[in-house]
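Structure data follow from start.cif (mmCIF, C-alpha atoms):
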```cif
data_query
loop_
_atom_site.group_PDB
_atom_site.id
_atom_site.type_symbol
_atom_site.label_atom_id
_atom_site.label_comp_id
_atom_site.auth_asym_id
_atom_site.auth_seq_id
_atom_site.Cartn_x
_atom_site.Cartn_y
_atom_site.Cartn_z
ATOM 1 C CA MET A 1 116.832 103.124 106.685
ATOM 2 C CA THR A 2 113.166 102.848 105.825
ATOM 3 C CA PHE A 3 110.886 102.736 102.829
ATOM 4 C CA VAL A 4 108.641 105.648 101.885
ATOM 5 C CA VAL A 5 105.285 105.786 100.116
ATOM 6 C CA THR A 6 105.278 108.662 97.628
ATOM 7 C CA ASP A 7 102.965 110.744 95.430
ATOM 8 C CA ASN A 8 101.724 108.073 93.033
ATOM 9 C CA CYS A 9 99.912 106.212 95.825
ATOM 10 C CA ILE A 10 97.520 109.134 96.269
ATOM 11 C CA LEU A 11 94.100 108.316 94.767
ATOM 12 C CA CYS A 12 95.254 104.765 93.923
ATOM 13 C CA LYS A 13 95.910 103.162 97.320
ATOM 14 C CA TYR A 14 96.760 99.695 96.108
ATOM 15 C CA THR A 15 97.363 97.487 99.129
ATOM 16 C CA ASP A 16 99.443 94.684 97.614
ATOM 17 C CA CYS A 17 102.362 96.036 99.674
ATOM 18 C CA VAL A 18 100.448 95.611 102.931
ATOM 19 C CA GLU A 19 99.930 91.915 102.281
ATOM 20 C CA VAL A 20 103.675 91.141 102.191
ATOM 21 C CA CYS A 21 104.838 93.337 105.104
ATOM 22 C CA PRO A 22 106.175 91.073 107.885
ATOM 23 C CA VAL A 23 105.978 93.781 110.562
ATOM 24 C CA ASP A 24 102.650 95.472 109.710
ATOM 25 C CA CYS A 25 104.167 98.947 109.351
ATOM 26 C CA PHE A 26 101.569 100.358 106.916
ATOM 27 C CA TYR A 27 98.968 102.909 107.945
ATOM 28 C CA GLU A 28 95.877 103.874 105.976
ATOM 29 C CA GLY A 29 94.350 107.239 105.261
ATOM 30 C CA PRO A 30 91.330 108.024 103.091
ATOM 31 C CA ASN A 31 93.251 107.937 99.790
ATOM 32 C CA PHE A 32 96.892 107.152 100.636
ATOM 33 C CA LEU A 33 99.059 104.688 102.567
ATOM 34 C CA VAL A 34 102.149 105.459 104.637
ATOM 35 C CA ILE A 35 104.949 103.466 106.232
ATOM 36 C CA ASP A 36 105.957 104.022 109.850
ATOM 37 C CA PRO A 37 109.745 104.482 109.696
ATOM 38 C CA ASP A 38 110.145 103.313 113.295
ATOM 39 C CA GLU A 39 108.491 99.988 112.488
ATOM 40 C CA CYS A 40 109.910 99.373 109.002
ATOM 41 C CA ILE A 41 112.726 96.808 109.064
ATOM 42 C CA ASP A 42 113.968 97.616 105.559
ATOM 43 C CA CYS A 43 113.131 94.173 104.234
ATOM 44 C CA ALA A 44 112.276 95.610 100.790
ATOM 45 C CA LEU A 45 109.376 93.204 100.228
ATOM 46 C CA CYS A 46 106.851 95.990 99.685
ATOM 47 C CA GLU A 47 108.675 97.912 96.977
ATOM 48 C CA PRO A 48 108.292 95.387 94.118
ATOM 49 C CA GLU A 49 104.696 94.601 95.134
ATOM 50 C CA CYS A 50 103.435 98.156 94.578
ATOM 51 C CA PRO A 51 101.559 98.234 91.237
ATOM 52 C CA ALA A 52 101.875 102.036 91.183
ATOM 53 C CA ASN A 53 105.642 102.041 91.799
ATOM 54 C CA ALA A 54 105.060 104.491 94.651
ATOM 55 C CA ILE A 55 107.375 102.940 97.264
ATOM 56 C CA PHE A 56 111.051 103.831 97.437
ATOM 57 C CA SER A 57 113.961 103.297 99.758
ATOM 58 C CA GLU A 58 114.487 106.441 101.828
ATOM 59 C CA ASP A 59 117.707 107.245 99.972
ATOM 60 C CA GLU A 60 116.066 106.743 96.551
ATOM 61 C CA VAL A 61 112.956 108.915 96.921
ATOM 62 C CA PRO A 62 112.523 110.741 93.594
ATOM 63 C CA LYS A 63 113.690 114.323 93.366
ATOM 64 C CA GLY A 64 110.925 116.705 94.367
ATOM 65 C CA GLN A 65 109.180 114.119 96.562
ATOM 66 C CA GLU A 66 111.481 114.305 99.582
ATOM 67 C CA MET A 67 108.640 115.748 101.693
ATOM 68 C CA PHE A 68 106.986 112.324 101.640
ATOM 69 C CA THR A 69 109.617 110.977 104.045
ATOM 70 C CA GLN A 70 108.393 113.312 106.783
ATOM 71 C CA LEU A 71 104.774 112.933 105.690
ATOM 72 C CA ASN A 72 104.964 109.145 106.121
ATOM 73 C CA GLU A 73 106.412 109.575 109.607
ATOM 74 C CA GLU A 74 103.775 112.102 110.699
ATOM 75 C CA LEU A 75 100.718 110.384 109.245
ATOM 76 C CA ALA A 76 101.729 106.949 110.567
ATOM 77 C CA GLN A 77 101.218 108.398 114.048
ATOM 78 C CA LYS A 78 97.665 109.535 113.221
ATOM 79 C CA TRP A 79 96.182 106.925 110.891
ATOM 80 C CA PRO A 80 95.051 103.375 111.718
ATOM 81 C CA ASN A 81 97.239 100.389 110.995
ATOM 82 C CA ILE A 82 96.328 98.273 107.963
ATOM 83 C CA THR A 83 97.397 94.622 107.860
ATOM 84 C CA GLU A 84 95.312 93.057 105.093
ATOM 85 C CA MET A 85 94.894 93.667 101.411
ATOM 86 C CA LYS A 86 91.813 95.632 100.317
ATOM 87 C CA GLU A 87 90.424 96.742 96.970
ATOM 88 C CA GLN A 88 92.206 99.715 95.443
ATOM 89 C CA LEU A 89 90.299 102.962 95.091
ATOM 90 C CA PRO A 90 87.629 102.904 92.339
ATOM 91 C CA GLU A 91 89.528 105.184 89.943
ATOM 92 C CA ALA A 92 93.010 103.876 90.743
ATOM 93 C CA GLU A 93 93.844 102.994 87.152
ATOM 94 C CA LYS A 94 92.854 106.488 85.990
ATOM 95 C CA TRP A 95 95.129 108.148 88.592
ATOM 96 C CA ASP A 96 98.089 105.759 88.356
ATOM 97 C CA GLY A 97 100.973 107.689 86.808
ATOM 98 C CA VAL A 98 99.440 111.151 87.189
ATOM 99 C CA GLU A 99 102.091 113.472 88.616
ATOM 100 C CA GLY A 100 101.658 116.098 91.318
ATOM 101 C CA LYS A 101 98.821 114.494 93.272
ATOM 102 C CA ILE A 102 99.845 115.910 96.672
ATOM 103 C CA GLN A 103 97.040 118.460 96.331
ATOM 104 C CA TYR A 104 94.510 115.613 96.475
ATOM 105 C CA LEU A 105 95.879 114.040 99.657
ATOM 106 C CA GLU A 106 93.062 113.681 102.204
ATOM 107 C CA LEU A 107 94.146 113.946 105.784
#
```

Could you show the structure in this file as structure tokens?
Amino acid sequence: MTFVVTDNCILCKYTDCVEVCPVDCFYEGPNFLVIDPDECIDCALCEPECPANAIFSEDEVPKGQEMFTQLNEELAQKWPNITEMKEQLPEAEKWDGVEGKIQYLEL
């Protein structure tokens, strides 16, 4: 089992979750983070640290967001690893809680 970063991370990209990950399984794109499922050890430390509540256990991904499981796996192979906390995106508070942000995902 793994954890999955979902829709609400897009345009927010808080990195509190990265700071607590013991295996450095987060990868960073321009406006989104993903978790590499092959590296995730299912420790669950990241989930409560996400201010945007965008991280879910693979079996608890919200209905309609199942595509993020595969998206995390694919993008983790392309994007660089992130191991330290950074500032969230400038308009993170504005975008936190906005639904249907997949259209804004920058690859």

inquiry  = Could you list, as a PyMOL selection string, every residue matched by the PyMOL selection byres ((chain A and resi 89) around 12) in this structure?
reply    = chain A and resi 9-15+29-33+86-88+90-96

Save the residues we just selected, C-alpha atoms, as a PDB file, in the frame of the given file?
```pdb
ATOM      1  CA  CYS A   9      99.912 106.212  95.825  1.00  0.00           C
ATOM      2  CA  ILE A  10      97.520 109.134  96.269  1.00  0.00           C
ATOM      3  CA  LEU A  11      94.100 108.316  94.767  1.00  0.00           C
ATOM      4  CA  CYS A  12      95.254 104.765  93.923  1.00  0.00           C
ATOM      5  CA  LYS A  13      95.910 103.162  97.320  1.00  0.00           C
ATOM      6  CA  TYR A  14      96.760  99.695  96.108  1.00  0.00           C
ATOM      7  CA  THR A  15      97.363  97.487  99.129  1.00  0.00           C
ATOM      8  CA  GLY A  29      94.350 107.239 105.261  1.00  0.00           C
ATOM      9  CA  PRO A  30      91.330 108.024 103.091  1.00  0.00           C
ATOM     10  CA  ASN A  31      93.251 107.937  99.790  1.00  0.00           C
ATOM     11  CA  PHE A  32      96.892 107.152 100.636  1.00  0.00           C
ATOM     12  CA  LEU A  33      99.059 104.688 102.567  1.00  0.00           C
ATOM     13  CA  LYS A  86      91.813  95.632 100.317  1.00  0.00           C
ATOM     14  CA  GLU A  87      90.424  96.742  96.970  1.00  0.00           C
ATOM     15  CA  GLN A  88      92.206  99.715  95.443  1.00  0.00           C
ATOM     16  CA  PRO A  90      87.629 102.904  92.339  1.00  0.00           C
ATOM     17  CA  GLU A  91      89.528 105.184  89.943  1.00  0.00           C
ATOM     18  CA  ALA A  92      93.010 103.876  90.743  1.00  0.00           C
ATOM     19  CA  GLU A  93      93.844 102.994  87.152  1.00  0.00           C
ATOM     20  CA  LYS A  94      92.854 106.488  85.990  1.00  0.00           C
ATOM     21  CA  TRP A  95      95.129 108.148  88.592  1.00  0.00           C
ATOM     22  CA  ASP A  96      98.089 105.759  88.356  1.00  0.00           C
TER      23      ASP A  96
END
```

task = Pick out the residues sitting within 6 Å of Val5 of chain A, and hand them over as a PyMOL selection string; count all atoms listed in the file, and ignore anything fewer than 6 positions along from it in its own chain.
result = chain A and resi 34+54-55

message = Assuming the chain letters and numbering stay as they are in my file, what does the PyMOL selection byres ((chain A and resi 58) around 6) actually select? List them as a count of residues only.
response = 7

query = So which one's closest to Glu49 of chain A, A:Ile35, A:Leu107, A:Cys17, A:Cys25? Using only C-alpha atoms, please.
reply =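 When distances to Glu49 of chain A are compared using only C-alpha atoms, the smallest one comes from A:Cys17.
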
inquiry  = the PyMOL selection byres ((chain A and resi 65-78) around 6) - which residues does that actually catch in the file I just gave you? List them as a list of chain:residue names.
reply    =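 Going through the file, the PyMOL selection byres ((chain A and resi 65-78) around 6) ends up selecting A:Val4, A:Thr6, A:Tyr27, A:Val34, A:Ile35, A:Asp36, A:Pro62, A:Lys63, A:Gly64, A:Trp79.
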
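Nearest residue to Asp38 of chain A, choosing from A:Ile82, A:Val98, A:Val23, A:Leu105 and counting only C-alpha atoms: A:Val23.
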
ask   = How many Å lie between atom CA of Met85 of chain A and atom CA of Val20 of chain A, rounded to one decimal?
value =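 According to the coordinates, atom CA of Met85 of chain A and atom CA of Val20 of chain A are separated by 9.2 Å.
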
request  = Find the residues near Thr83 of chain A: any atom within 8 Å, counting all atoms listed in the file, skip ones fewer than 2 places away on the same chain, and give them as a list in words.
outcome  = Val18, Glu19, Asp24, Phe26, Asn81 and Met85 of chain A

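Reported to one decimal place, the separation of atom CA of Glu47 of chain A from atom CA of Met1 of chain A is 13.7 Å.
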